[in-house]
file start.cif (mmCIF, C-alpha atoms and all ligand atoms)
data_query
loop_
_atom_site.label_atom_id
_atom_site.label_comp_id
_atom_site.auth_asym_id
_atom_site.auth_seq_id
_atom_site.Cartn_x
_atom_site.Cartn_y
_atom_site.Cartn_z
CA MET A 1 5.71 -10.03 -75.73
CA ASN A 2 5.24 -13.63 -74.80
CA ILE A 3 2.62 -13.60 -72.03
CA GLN A 4 2.08 -16.78 -70.02
CA TYR A 5 -1.22 -17.23 -68.20
CA LYS A 6 -1.76 -18.81 -64.76
CA ALA A 7 1.87 -19.07 -63.68
CA SER A 8 2.43 -21.02 -60.46
CA LEU A 9 3.98 -18.76 -57.81
CA SER A 10 4.85 -21.72 -55.61
CA ALA A 11 7.13 -22.90 -58.44
CA LEU A 12 8.67 -19.43 -58.82
CA THR A 13 9.47 -18.87 -55.13
CA THR A 14 11.79 -20.98 -53.00
CA MET A 15 9.34 -21.30 -50.07
CA GLY A 16 7.12 -23.26 -52.47
CA LEU A 17 3.81 -21.73 -51.36
CA GLY A 18 1.13 -19.60 -52.96
CA GLY A 19 -1.39 -19.61 -55.80
CA ASP A 20 -1.04 -18.49 -59.42
CA ALA A 21 -0.08 -15.20 -61.02
CA ALA A 22 -2.71 -14.25 -63.59
CA GLN A 23 0.02 -13.41 -66.13
CA LEU A 24 3.80 -13.63 -66.41
CA VAL A 25 6.35 -12.26 -68.84
CA GLU A 26 10.09 -12.92 -69.01
CA VAL A 27 12.23 -9.84 -69.75
CA TYR A 28 15.67 -9.98 -71.37
CA SER A 29 16.53 -6.29 -71.87
CA PRO A 30 15.78 -2.88 -70.37
CA ASP A 31 13.40 -2.20 -73.26
CA ASP A 32 11.52 -5.47 -72.50
CA VAL A 33 11.08 -4.16 -68.95
CA ARG A 34 9.56 -0.93 -70.21
CA GLN A 35 7.25 -2.76 -72.62
CA ALA A 36 6.09 -5.05 -69.81
CA VAL A 37 5.16 -2.12 -67.56
CA ILE A 38 3.36 -0.36 -70.44
CA TYR A 39 1.46 -3.61 -71.16
CA ALA A 40 0.46 -3.89 -67.48
CA ARG A 41 -0.78 -0.28 -67.49
CA GLN A 42 -2.76 -0.76 -70.69
CA HIS A 43 -4.43 -3.85 -69.22
CA ARG A 44 -4.93 -2.24 -65.80
CA LEU A 45 -2.86 -4.93 -64.12
CA PRO A 46 -0.63 -4.45 -61.08
CA TRP A 47 2.89 -5.78 -61.74
CA TYR A 48 5.59 -7.35 -59.58
CA VAL A 49 9.25 -8.06 -60.47
CA LEU A 50 10.72 -11.42 -59.57
CA GLY A 51 14.25 -12.76 -59.87
CA GLY A 52 14.98 -16.14 -58.30
CA GLY A 53 12.11 -15.86 -55.79
CA SER A 54 14.45 -16.67 -52.88
CA ASN A 55 13.37 -13.71 -50.78
CA THR A 56 9.71 -13.55 -51.72
CA LEU A 57 6.50 -15.07 -50.35
CA ALA A 58 3.33 -15.60 -52.35
CA HIS A 59 -0.21 -15.66 -50.98
CA ASP A 60 -2.73 -18.48 -51.41
CA ASP A 61 -4.98 -16.41 -53.66
CA GLY A 62 -2.02 -15.75 -55.96
CA PHE A 63 -1.51 -12.43 -57.71
CA ASN A 64 -4.11 -10.94 -60.00
CA GLY A 65 -1.53 -9.10 -62.05
CA LEU A 66 1.59 -9.42 -64.20
CA VAL A 67 4.77 -10.97 -62.83
CA ILE A 68 7.83 -9.56 -64.62
CA LEU A 69 10.46 -12.28 -64.45
CA ASN A 70 13.86 -10.68 -64.77
CA LYS A 71 16.30 -12.54 -67.04
CA ILE A 72 18.46 -9.62 -68.27
CA PRO A 73 21.88 -11.16 -69.09
CA GLY A 74 25.43 -9.90 -69.44
CA THR A 75 28.57 -9.29 -67.38
CA ASP A 76 31.04 -6.69 -68.68
CA VAL A 77 34.31 -5.31 -67.35
CA ILE A 78 33.95 -1.55 -67.80
CA ASP A 79 37.13 -0.39 -66.05
CA GLN A 80 40.35 -1.97 -64.87
CA THR A 81 43.28 -0.46 -62.95
CA MET A 82 46.09 -1.90 -60.81
CA ARG A 83 43.81 -1.60 -57.78
CA HIS A 84 40.29 -2.18 -59.07
CA THR A 85 38.13 -3.93 -61.62
CA THR A 86 34.66 -2.55 -62.26
CA PHE A 87 31.88 -4.77 -63.62
CA THR A 88 28.41 -4.04 -64.93
CA VAL A 89 26.18 -7.07 -64.39
CA GLY A 90 22.79 -7.66 -65.99
CA ALA A 91 20.07 -7.85 -63.35
CA GLY A 92 19.03 -11.37 -64.39
CA GLU A 93 22.47 -12.91 -63.93
CA LEU A 94 22.77 -15.39 -61.06
CA TRP A 95 24.46 -13.68 -58.15
CA ASP A 96 26.72 -16.56 -57.20
CA VAL A 97 27.91 -17.08 -60.78
CA PHE A 98 29.11 -13.47 -60.70
CA VAL A 99 30.79 -13.94 -57.29
CA ALA A 100 32.59 -17.03 -58.64
CA ARG A 101 33.85 -15.02 -61.59
CA THR A 102 35.29 -12.27 -59.36
CA VAL A 103 36.94 -14.89 -57.15
CA ASP A 104 38.44 -16.56 -60.25
CA GLY A 105 39.92 -13.14 -61.04
CA ASN A 106 41.36 -12.95 -57.49
CA LEU A 107 39.25 -9.87 -56.79
CA SER A 108 38.08 -9.06 -53.30
CA GLY A 109 34.91 -7.44 -51.92
CA ILE A 110 32.09 -9.99 -52.26
CA GLU A 111 33.78 -13.35 -51.57
CA CYS A 112 31.90 -13.60 -48.24
CA LEU A 113 28.63 -13.17 -50.16
CA SER A 114 29.27 -16.53 -51.85
CA ALA A 115 26.43 -19.03 -52.28
CA ILE A 116 23.59 -16.54 -51.74
CA PRO A 117 20.78 -17.65 -54.08
CA GLY A 118 19.02 -15.31 -56.49
CA THR A 119 19.83 -12.71 -59.10
CA ALA A 120 22.27 -9.81 -59.26
CA GLY A 121 19.34 -7.41 -59.74
CA ALA A 122 17.81 -8.36 -56.40
CA ALA A 123 21.09 -8.00 -54.49
CA PRO A 124 20.77 -4.22 -53.95
CA VAL A 125 17.08 -4.51 -52.99
CA GLN A 126 17.77 -5.81 -49.51
CA ASN A 127 21.48 -4.91 -49.57
CA ILE A 128 22.45 -8.57 -49.25
CA GLY A 129 24.96 -9.28 -46.56
CA ALA A 130 26.78 -12.15 -44.91
CA TYR A 131 29.89 -12.78 -42.82
CA GLY A 132 30.77 -9.12 -42.44
CA GLN A 133 30.30 -8.01 -46.07
CA GLU A 134 27.41 -6.12 -47.67
CA VAL A 135 26.88 -5.59 -51.38
CA SER A 136 26.43 -1.84 -50.80
CA SER A 137 30.16 -1.54 -50.07
CA VAL A 138 31.06 -2.44 -53.69
CA ILE A 139 28.15 -0.90 -55.62
CA THR A 140 29.06 2.18 -57.64
CA TYR A 141 25.64 2.67 -59.22
CA VAL A 142 22.43 0.87 -60.15
CA ASP A 143 20.68 1.23 -63.51
CA ALA A 144 16.91 0.97 -63.41
CA TYR A 145 13.69 1.61 -65.25
CA ASP A 146 11.73 4.28 -63.37
CA ALA A 147 8.10 3.20 -63.79
CA LYS A 148 6.81 6.39 -62.19
CA ASN A 149 8.33 8.66 -64.85
CA ASP A 150 8.65 6.14 -67.70
CA THR A 151 12.41 6.78 -67.99
CA PHE A 152 15.65 4.88 -67.59
CA THR A 153 17.74 6.21 -64.74
CA ARG A 154 21.00 5.67 -62.86
CA LEU A 155 21.09 5.78 -59.06
CA GLN A 156 24.50 6.42 -57.53
CA ASN A 157 25.36 4.45 -54.38
CA ALA A 158 24.28 7.22 -51.97
CA GLU A 159 20.93 7.57 -53.76
CA CYS A 160 20.15 3.90 -53.09
CA GLU A 161 19.81 4.69 -49.34
CA PHE A 162 21.43 1.44 -48.27
CA SER A 163 21.28 0.27 -44.67
CA TYR A 164 21.03 -3.09 -42.91
CA ARG A 165 18.97 -5.37 -45.24
CA HIS A 166 17.36 -2.28 -46.67
CA SER A 167 17.47 0.17 -49.56
CA ILE A 168 15.27 2.65 -51.38
CA PHE A 169 14.09 -0.27 -53.56
CA ARG A 170 12.28 -2.00 -50.70
CA GLY A 171 11.79 1.20 -48.72
CA ARG A 172 10.16 4.47 -49.62
CA GLU A 173 10.26 3.86 -53.41
CA GLN A 174 9.23 0.20 -53.41
CA GLY A 175 7.49 -0.60 -56.70
CA ARG A 176 8.96 2.38 -58.57
CA TYR A 177 12.27 1.07 -59.93
CA ILE A 178 13.00 -2.11 -61.86
CA ILE A 179 16.73 -2.71 -61.67
CA THR A 180 18.26 -3.58 -65.04
CA ALA A 181 21.99 -3.66 -64.17
CA VAL A 182 24.31 -3.26 -61.19
CA THR A 183 27.81 -1.76 -61.42
CA MET A 184 30.29 -2.93 -58.80
CA GLN A 185 33.95 -2.19 -58.12
CA LEU A 186 36.10 -5.02 -56.73
CA ARG A 187 39.59 -4.66 -55.29
CA THR A 188 42.82 -6.42 -56.27
CA VAL A 189 44.17 -6.30 -52.68
CA LEU A 190 44.05 -9.39 -50.47
CA PRO A 191 41.11 -9.59 -48.05
CA GLN A 192 42.07 -8.08 -44.70
CA PRO A 193 41.38 -9.57 -41.25
CA PRO A 194 39.66 -9.55 -38.82
CA PHE A 195 37.16 -11.95 -40.37
CA TYR A 196 33.78 -12.98 -39.03
CA LYS A 197 34.12 -15.45 -36.13
CA ALA A 198 32.90 -18.54 -38.03
CA ILE A 199 35.41 -17.80 -40.79
CA GLU A 200 38.27 -17.32 -38.31
CA THR A 201 37.41 -20.71 -36.79
CA TYR A 202 37.37 -22.38 -40.23
CA LEU A 203 40.73 -20.82 -41.16
CA ARG A 204 42.29 -21.94 -37.88
CA GLU A 205 40.97 -25.48 -38.31
CA HIS A 206 42.39 -25.57 -41.84
CA SER A 207 45.72 -23.96 -40.83
CA ILE A 208 45.25 -21.03 -43.23
CA ALA A 209 47.14 -17.92 -42.12
CA ASN A 210 46.72 -15.36 -44.91
CA PRO A 211 43.64 -16.48 -46.81
CA SER A 212 43.27 -15.84 -50.51
CA VAL A 213 39.93 -14.74 -51.94
CA ARG A 214 39.41 -18.33 -53.13
CA GLN A 215 40.06 -19.74 -49.64
CA LEU A 216 37.56 -17.30 -48.14
CA ARG A 217 34.93 -18.32 -50.68
CA ASP A 218 35.61 -21.99 -49.91
CA ALA A 219 35.28 -21.24 -46.18
CA VAL A 220 31.95 -19.45 -46.63
CA VAL A 221 30.54 -22.17 -48.90
CA ALA A 222 31.51 -24.86 -46.37
CA ILE A 223 30.10 -22.94 -43.38
CA ARG A 224 26.84 -22.19 -45.20
CA ALA A 225 26.40 -25.80 -46.35
CA ASN A 226 26.39 -26.76 -42.68
CA LYS A 227 23.84 -24.26 -41.42
CA LEU A 228 21.55 -23.36 -44.32
CA PRO A 229 19.16 -25.73 -46.09
CA ASP A 230 19.43 -25.93 -49.88
CA PRO A 231 16.25 -24.37 -51.32
CA ARG A 232 16.42 -26.75 -54.32
CA THR A 233 15.56 -29.66 -52.02
CA THR A 234 14.26 -28.00 -48.84
CA PRO A 235 11.87 -25.08 -49.41
CA ASN A 236 12.97 -21.97 -47.47
CA THR A 237 13.94 -18.32 -47.93
CA GLY A 238 17.17 -18.30 -45.88
CA SER A 239 16.86 -16.03 -42.84
CA PHE A 240 13.15 -15.62 -42.28
CA PHE A 241 13.60 -12.85 -39.71
CA LYS A 242 15.94 -9.87 -39.63
CA ASN A 243 18.32 -9.62 -36.71
CA ALA A 244 16.89 -7.46 -33.94
CA ILE A 245 18.20 -3.92 -33.54
CA VAL A 246 17.41 -2.72 -30.01
CA SER A 247 18.24 0.28 -27.85
CA ARG A 248 21.06 -0.07 -25.32
CA GLU A 249 18.43 0.12 -22.57
CA VAL A 250 16.62 -2.97 -23.94
CA TYR A 251 19.94 -4.77 -24.37
CA GLU A 252 20.93 -4.01 -20.74
CA ARG A 253 17.64 -5.51 -19.58
CA ILE A 254 18.28 -8.70 -21.57
CA VAL A 255 21.92 -9.05 -20.56
CA ALA A 256 20.93 -8.82 -16.88
CA ASP A 257 19.10 -12.14 -17.33
CA TYR A 258 21.42 -13.61 -20.00
CA PRO A 259 24.99 -12.45 -19.31
CA ASN A 260 26.26 -14.34 -22.37
CA ALA A 261 23.70 -12.93 -24.81
CA PRO A 262 25.43 -12.52 -28.21
CA HIS A 263 25.37 -8.95 -29.46
CA TYR A 264 27.08 -6.46 -31.76
CA ASP A 265 27.42 -2.81 -30.79
CA LEU A 266 26.36 -0.52 -33.63
CA PRO A 267 27.94 2.87 -34.36
CA ASP A 268 24.65 4.69 -33.61
CA GLY A 269 24.58 3.34 -30.04
CA ASN A 270 21.96 0.66 -30.71
CA VAL A 271 22.72 -3.03 -30.31
CA LYS A 272 22.14 -5.89 -32.77
CA ILE A 273 20.99 -9.16 -31.21
CA PRO A 274 20.88 -12.31 -33.39
CA THR A 275 17.21 -13.21 -33.79
CA GLY A 276 18.21 -16.87 -34.16
CA TRP A 277 19.42 -16.70 -30.56
CA LEU A 278 16.16 -15.06 -29.38
CA ILE A 279 14.14 -17.82 -31.08
CA GLU A 280 16.38 -20.54 -29.68
CA GLN A 281 16.15 -19.12 -26.14
CA SER A 282 12.37 -19.07 -26.57
CA GLY A 283 12.55 -22.85 -26.91
CA LEU A 284 11.54 -22.95 -30.58
CA LYS A 285 14.64 -24.31 -32.32
CA GLY A 286 13.56 -27.43 -34.22
CA ALA A 287 9.86 -26.80 -33.46
CA LEU A 288 7.24 -27.78 -36.06
CA TYR A 289 4.11 -25.65 -36.32
CA ARG A 290 1.48 -26.07 -39.08
CA GLY A 291 4.03 -27.78 -41.35
CA MET A 292 6.67 -25.05 -40.88
CA ARG A 293 9.87 -26.14 -39.14
CA VAL A 294 12.24 -23.83 -37.25
CA TYR A 295 15.44 -25.22 -38.77
CA ASP A 296 17.34 -27.26 -36.20
CA LYS A 297 20.79 -26.02 -37.32
CA ASN A 298 19.81 -22.35 -37.51
CA ALA A 299 16.73 -20.99 -35.76
CA LEU A 300 16.61 -17.94 -38.04
CA VAL A 301 15.48 -20.15 -40.92
CA LEU A 302 11.91 -21.42 -41.43
CA VAL A 303 11.58 -24.52 -43.58
CA ASN A 304 8.39 -25.47 -45.38
CA GLU A 305 8.29 -29.13 -44.44
CA SER A 306 4.63 -29.88 -45.05
CA ALA A 307 2.74 -26.57 -44.96
CA LYS A 308 -0.33 -26.60 -47.19
CA SER A 309 -0.77 -22.89 -47.59
CA TYR A 310 0.52 -19.38 -46.94
CA ASP A 311 -1.97 -19.36 -44.05
CA ASP A 312 0.05 -22.13 -42.38
CA LEU A 313 3.20 -20.04 -42.75
CA ALA A 314 1.44 -16.93 -41.41
CA ALA A 315 0.23 -18.89 -38.37
CA ALA A 316 3.76 -20.20 -37.69
CA ARG A 317 5.20 -16.68 -38.07
CA GLN A 318 2.61 -15.35 -35.61
CA TYR A 319 3.36 -18.10 -33.11
CA ILE A 320 7.13 -17.48 -33.23
CA THR A 321 6.76 -13.69 -33.12
CA ASN A 322 4.36 -13.87 -30.15
CA THR A 323 6.57 -16.31 -28.24
CA VAL A 324 9.68 -14.14 -28.67
CA GLN A 325 7.67 -11.01 -27.80
CA ALA A 326 6.36 -12.64 -24.60
CA LYS A 327 9.83 -13.75 -23.52
CA PHE A 328 11.98 -10.76 -24.49
CA GLY A 329 9.57 -7.90 -25.22
CA ILE A 330 11.09 -7.61 -28.72
CA THR A 331 8.99 -7.62 -31.90
CA ILE A 332 10.98 -9.47 -34.55
CA GLN A 333 10.58 -8.50 -38.21
CA GLN A 334 10.16 -10.70 -41.27
CA GLU A 335 12.89 -10.44 -43.92
CA PRO A 336 11.25 -11.73 -47.17
CA LEU A 337 8.90 -9.47 -49.11
CA GLU A 338 5.43 -10.53 -50.26
CA ILE A 339 3.91 -10.44 -53.74
CA SER A 340 0.89 -8.18 -53.63
C1 LIG B 1 19.21 -20.63 -48.48
C2 LIG B 1 19.16 -19.14 -48.58
C3 LIG B 1 20.20 -18.39 -48.07
C4 LIG B 1 20.18 -16.99 -48.15
N1 LIG B 1 21.22 -16.30 -47.61
C5 LIG B 1 21.20 -14.95 -47.64
C6 LIG B 1 22.28 -14.20 -47.06
O1 LIG B 1 23.25 -14.76 -46.56
N2 LIG B 1 22.20 -12.85 -47.09
C7 LIG B 1 21.15 -12.19 -47.66
O2 LIG B 1 21.15 -10.96 -47.65
N3 LIG B 1 20.13 -12.88 -48.22
C8 LIG B 1 20.12 -14.22 -48.23
N4 LIG B 1 19.08 -14.93 -48.77
C9 LIG B 1 17.93 -14.20 -49.34
C10 LIG B 1 17.97 -14.04 -50.88
O3 LIG B 1 18.73 -15.05 -51.47
C11 LIG B 1 18.53 -12.69 -51.31
O4 LIG B 1 17.75 -11.66 -50.76
C12 LIG B 1 18.57 -12.54 -52.83
O5 LIG B 1 19.18 -11.31 -53.19
C13 LIG B 1 17.18 -12.61 -53.47
O6 LIG B 1 17.36 -12.72 -54.87
P1 LIG B 1 16.17 -13.20 -55.79
O7 LIG B 1 16.56 -12.95 -57.20
O8 LIG B 1 15.78 -14.58 -55.45
O9 LIG B 1 15.05 -12.16 -55.34
P2 LIG B 1 13.46 -12.30 -55.39
O10 LIG B 1 13.02 -13.13 -54.23
O11 LIG B 1 13.00 -12.71 -56.72
O12 LIG B 1 13.06 -10.79 -55.11
C14 LIG B 1 13.31 -10.22 -53.84
C15 LIG B 1 12.73 -8.80 -53.82
O13 LIG B 1 13.49 -7.99 -54.71
C16 LIG B 1 12.64 -7.44 -55.72
N5 LIG B 1 13.38 -7.51 -56.98
C17 LIG B 1 13.93 -8.62 -57.54
N6 LIG B 1 14.54 -8.29 -58.68
C18 LIG B 1 14.38 -6.95 -58.84
C19 LIG B 1 14.78 -6.02 -59.84
N7 LIG B 1 15.46 -6.39 -60.90
N8 LIG B 1 14.43 -4.73 -59.67
C20 LIG B 1 13.73 -4.31 -58.58
N9 LIG B 1 13.32 -5.15 -57.62
C21 LIG B 1 13.64 -6.45 -57.75
C22 LIG B 1 11.40 -8.31 -55.75
O14 LIG B 1 10.28 -7.58 -56.21
C23 LIG B 1 11.28 -8.73 -54.30
O15 LIG B 1 10.63 -7.72 -53.58
C24 LIG B 1 19.08 -16.33 -48.74
C25 LIG B 1 18.02 -17.09 -49.27
C26 LIG B 1 18.06 -18.48 -49.19
C27 LIG B 1 16.93 -19.28 -49.78
#

call {"tool": "encode", "arguments": {"input": "start.cif", "output": "structure tokens"}}
result
Amino acid sequence: MNIQYKASLSALTTMGLGGDAAQLVEVYSPDDVRQAVIYARQHRLPWYVLGGGSNTLAHDDGFNGLVILNKIPGTDVIDQTMRHTTFTVGAGELWDVFVARTVDGNLSGIECLSAIPGTAGAAPVQNIGAYGQEVSSVITYVDAYDAKNDTFTRLQNAECEFSYRHSIFRGREQGRYIITAVTMQLRTVLPQPPFYKAIETYLREHSIANPSVRQLRDAVVAIRANKLPDPRTTPNTGSFFKNAIVSREVYERIVADYPNAPHYDLPDGNVKIPTGWLIEQSGLKGALYRGMRVYDKNALVLVNESAKSYDDLAAARQYITNTVQAKFGITIQQEPLEIS
């Protein structure tokens, strides 16, 4: 195993903050993963898996443990019928490279998840979603190393306990499984309307009636380029807060004051309110606090403009959370996870 010492976490995470990891190892196969965990145990080190670091925050005092940097490659077609193609994708593959490949094959199911940064292995962790699609709707099963029992295991879709930006991997079994591959089934049928509002608008403006998978990907890439900063030049983690899920009672209270409040009714009776809207209505869109900017094109995104530390980010998060709480009585939740 090729251990690197003092690895900069600010360089490994797209928010660009945080100290060093004591040790880091790149893994290229399921067996590498197992060896890395055994090494960490033998050296009494905590471990943490990282992919592209686009949904992870690091603390100023770094991580006194082993970062396992997932680079497991490979994309295989394992089944093909008239209606479906099923792929197994190595956890270290770049997510958007895989999406592009499925779109090239005219396959539908994840075209609206185009241009999401990061690795395929991290996609199930928060059940990535965008523009009306979620990765959980195409996942058949997830292969993982089970660090608790020192075995390789396969979790079927239902066992992953997927919900909105959530799964077993960041929920009750966080830190137990290291995902090594994800198996997904894509459809050969054309994408079916209705599409998310921003996509419908794009299609209308471009006079596209029955969009192909390629046209939907192009639409999503264009829409995202307009409202999300590129982490390669502008440090950020995409949506910094999850959308708020509130009871109907809370929603009724808000809509009495804001009759045009955007909202989505959920099947369980609760209501989803875009947190970007809550932040904007709290007067914080474009605000700069301790070097962290509430992005002026999308208030859900926090950009590290000139923050010097994780402490600066934590102070900005507190300020935004408190302001929204004071105005709406809603406690908004952070989306990225933290290395600890
Ligand atoms: C500009 C921008 C736009 C974004 N847009 C979206 C969006 O539209 N929708 C959306 O859902 N997300 C979005 N994100 C968030 C992020 O890109 C996704 O969550 C992505 O899946 C993270 O991948 P990653 O490899 O960078 O994960 P990392 O940040 O490296 O890891 C994220 C978490 O997953 C865990 N993890 C990573 N790999 C594994 C593994 N192999 N096994 C077990 N656990 C693992 C890590 O420990 C960590 O807790 C966006 C981020 C940015 C910067």

call {"tool": "residues_around", "arguments": {"input": "start.cif", "residues": "region 71-87 of chain A", "least_positions_apart": "4", "cutoff": "8 Å", "atoms": "only C-alpha atoms", "output": "list in words"}}
result
Glu26, Val27, Tyr28, Ser29, Pro30, Gly51, Ala91, Gly92, Glu93, Phe98, Leu107, Thr180, Thr183, Met184, Gln185, Leu186, Arg187, Thr188 and Val189 of chain A

call {"tool": "residues_near_ligand", "arguments": {"input": "start.cif", "ligand": "ligand LIG 1 (chain B)", "cutoff": "7 Å", "atoms": "all atoms listed in the file", "output": "PyMOL selection string"}}
result
chain A and resi 13-14+48-56+70+91+113+116-123+125-130+165+169-170+177-180+228-231+236-239+337-338

call {"tool": "closest_residue", "arguments": {"input": "start.cif", "among": "A:Gly329, A:Pro211, A:Pro259, A:Gly291", "to": "Ala314 (chain A)", "atoms": "all atoms listed in the file"}}
result
A:Gly291

call {"tool": "closest_residue", "arguments": {"input": "start.cif", "among": "A:Met1, A:Ile330, A:Ile320, A:Asn304", "to": "Ser247 (chain A)", "atoms": "all atoms listed in the file"}}
result
A:Ile330

call {"tool": "residues_around", "arguments": {"input": "start.cif", "residues": "Gln35 (chain A)", "least_positions_apart": "2", "cutoff": "12 Å", "atoms": "all atoms listed in the file", "output": "MDAnalysis selection string"}}
result
chainID A and resid 1:3 25:33 37:42 68 145 147 150:151

call {"tool": "closest_residue", "arguments": {"input": "start.cif", "among": "A:Ile110, A:Ala21, A:Ile332, A:Ala36", "to": "Phe240 (chain A)", "atoms": "only C-alpha atoms"}}
result
A:Ile332

call {"tool": "residues_near_point", "arguments": {"input": "start.cif", "point": "(-0.7, -7.0, -61.5)", "cutoff": "10 Å", "atoms": "all atoms listed in the file", "output": "number ranges by chain"}}
result
A: 21-24, 37, 40-41, 43-48, 63-68, 339-340

call {"tool": "residues_around", "arguments": {"input": "start.cif", "residues": "Gly19 (chain A)", "least_positions_apart": "4", "cutoff": "6 Å", "atoms": "only C-alpha atoms", "output": "list of chain:residue names"}}
result
A:Leu9, A:Asp60, A:Asp61, A:Gly62

call {"tool": "axis_aligned_box", "arguments": {"input": "start.cif", "around": "region 203-213 of chain A", "padding_each_side": "4 Å", "output": "JSON"}}
result
{"center_x": 43.5, "center_y": -20.2, "center_z": -44.9, "size_x": 15.2, "size_y": 18.8, "size_z": 22.1}

call {"tool": "atom_distance", "arguments": {"input": "start.cif", "atom1": "CA of Leu155 (chain A)", "atom2": "CA of Tyr141 (chain A)"}}
result
5.5 Å

call {"tool": "residues_around", "arguments": {"input": "start.cif", "residues": "Arg290 (chain A)", "least_positions_apart": "5", "cutoff": "7 Å", "atoms": "only C-alpha atoms", "output": "list of chain:residue names"}}
result
A:Ala307, A:Asp312, A:Ala316

call {"tool": "residues_near_point", "arguments": {"input": "start.cif", "point": "(38.5, -18.4, -53.0)", "cutoff": "12 Å", "atoms": "only C-alpha atoms", "output": "MDAnalysis selection string"}}
result
chainID A and resid 99:114 190:191 210:222

call {"tool": "write_last_selection", "arguments": {"input": "start.cif", "atoms": "C-alpha atoms", "output": "mmCIF file, in the frame of the given file"}}
result
data_model
loop_
_atom_site.group_PDB
_atom_site.id
_atom_site.type_symbol
_atom_site.label_atom_id
_atom_site.label_comp_id
_atom_site.auth_asym_id
_atom_site.auth_seq_id
_atom_site.Cartn_x
_atom_site.Cartn_y
_atom_site.Cartn_z
ATOM 1 C CA VAL A 99 30.790 -13.940 -57.290
ATOM 2 C CA ALA A 100 32.590 -17.030 -58.640
ATOM 3 C CA ARG A 101 33.850 -15.020 -61.590
ATOM 4 C CA THR A 102 35.290 -12.270 -59.360
ATOM 5 C CA VAL A 103 36.940 -14.890 -57.150
ATOM 6 C CA ASP A 104 38.440 -16.560 -60.250
ATOM 7 C CA GLY A 105 39.920 -13.140 -61.040
ATOM 8 C CA ASN A 106 41.360 -12.950 -57.490
ATOM 9 C CA LEU A 107 39.250 -9.870 -56.790
ATOM 10 C CA SER A 108 38.080 -9.060 -53.300
ATOM 11 C CA GLY A 109 34.910 -7.440 -51.920
ATOM 12 C CA ILE A 110 32.090 -9.990 -52.260
ATOM 13 C CA GLU A 111 33.780 -13.350 -51.570
ATOM 14 C CA CYS A 112 31.900 -13.600 -48.240
ATOM 15 C CA LEU A 113 28.630 -13.170 -50.160
ATOM 16 C CA SER A 114 29.270 -16.530 -51.850
ATOM 17 C CA LEU A 190 44.050 -9.390 -50.470
ATOM 18 C CA PRO A 191 41.110 -9.590 -48.050
ATOM 19 C CA ASN A 210 46.720 -15.360 -44.910
ATOM 20 C CA PRO A 211 43.640 -16.480 -46.810
ATOM 21 C CA SER A 212 43.270 -15.840 -50.510
ATOM 22 C CA VAL A 213 39.930 -14.740 -51.940
ATOM 23 C CA ARG A 214 39.410 -18.330 -53.130
ATOM 24 C CA GLN A 215 40.060 -19.740 -49.640
ATOM 25 C CA LEU A 216 37.560 -17.300 -48.140
ATOM 26 C CA ARG A 217 34.930 -18.320 -50.680
ATOM 27 C CA ASP A 218 35.610 -21.990 -49.910
ATOM 28 C CA ALA A 219 35.280 -21.240 -46.180
ATOM 29 C CA VAL A 220 31.950 -19.450 -46.630
ATOM 30 C CA VAL A 221 30.540 -22.170 -48.900
ATOM 31 C CA ALA A 222 31.510 -24.860 -46.370
#

call {"tool": "closest_residue", "arguments": {"input": "start.cif", "among": "A:Ile168, A:Leu278, A:Ala58, A:Ala158", "to": "Asn322 (chain A)", "atoms": "all atoms listed in the file"}}
result
A:Leu278

call {"tool": "atom_distance", "arguments": {"input": "start.cif", "atom1": "CA of Tyr264 (chain A)", "atom2": "CA of Trp95 (chain A)"}}
result
27.5 Å

call {"tool": "atom_distance", "arguments": {"input": "start.cif", "atom1": "CA of Ile273 (chain A)", "atom2": "CA of Lys242 (chain A)"}}
result
9.8 Å

call {"tool": "decode", "arguments": {"input": "start.cif", "residues": "region 181-200 of chain A", "atoms": "C-alpha atoms", "output": "PDB file, in the first residue's frame"}}
result
ATOM      1  CA  ALA A 181     -19.565  -0.696  -7.495  1.00  0.00           C
ATOM      2  CA  VAL A 182     -23.077   0.422  -8.406  1.00  0.00           C
ATOM      3  CA  THR A 183     -25.377  -1.528 -10.744  1.00  0.00           C
ATOM      4  CA  MET A 184     -27.973   0.519 -12.606  1.00  0.00           C
ATOM      5  CA  GLN A 185     -30.647  -0.313 -15.160  1.00  0.00           C
ATOM      6  CA  LEU A 186     -31.397   2.286 -17.852  1.00  0.00           C
ATOM      7  CA  ARG A 187     -34.370   2.238 -20.220  1.00  0.00           C
ATOM      8  CA  THR A 188     -34.451   2.338 -24.016  1.00  0.00           C
ATOM      9  CA  VAL A 189     -37.785   4.236 -24.069  1.00  0.00           C
ATOM     10  CA  LEU A 190     -37.863   7.983 -24.727  1.00  0.00           C
ATOM     11  CA  PRO A 191     -38.048  10.212 -21.638  1.00  0.00           C
ATOM     12  CA  GLN A 192     -41.663  10.978 -20.796  1.00  0.00           C
ATOM     13  CA  PRO A 193     -43.116  14.392 -19.888  1.00  0.00           C
ATOM     14  CA  PRO A 194     -44.023  16.232 -17.729  1.00  0.00           C
ATOM     15  CA  PHE A 195     -40.509  17.551 -17.150  1.00  0.00           C
ATOM     16  CA  TYR A 196     -39.293  19.823 -14.385  1.00  0.00           C
ATOM     17  CA  LYS A 197     -40.399  23.437 -14.952  1.00  0.00           C
ATOM     18  CA  ALA A 198     -36.956  24.823 -15.875  1.00  0.00           C
ATOM     19  CA  ILE A 199     -36.563  22.049 -18.455  1.00  0.00           C
ATOM     20  CA  GLU A 200     -40.027  22.690 -19.932  1.00  0.00           C
TER      21      GLU A 200
END
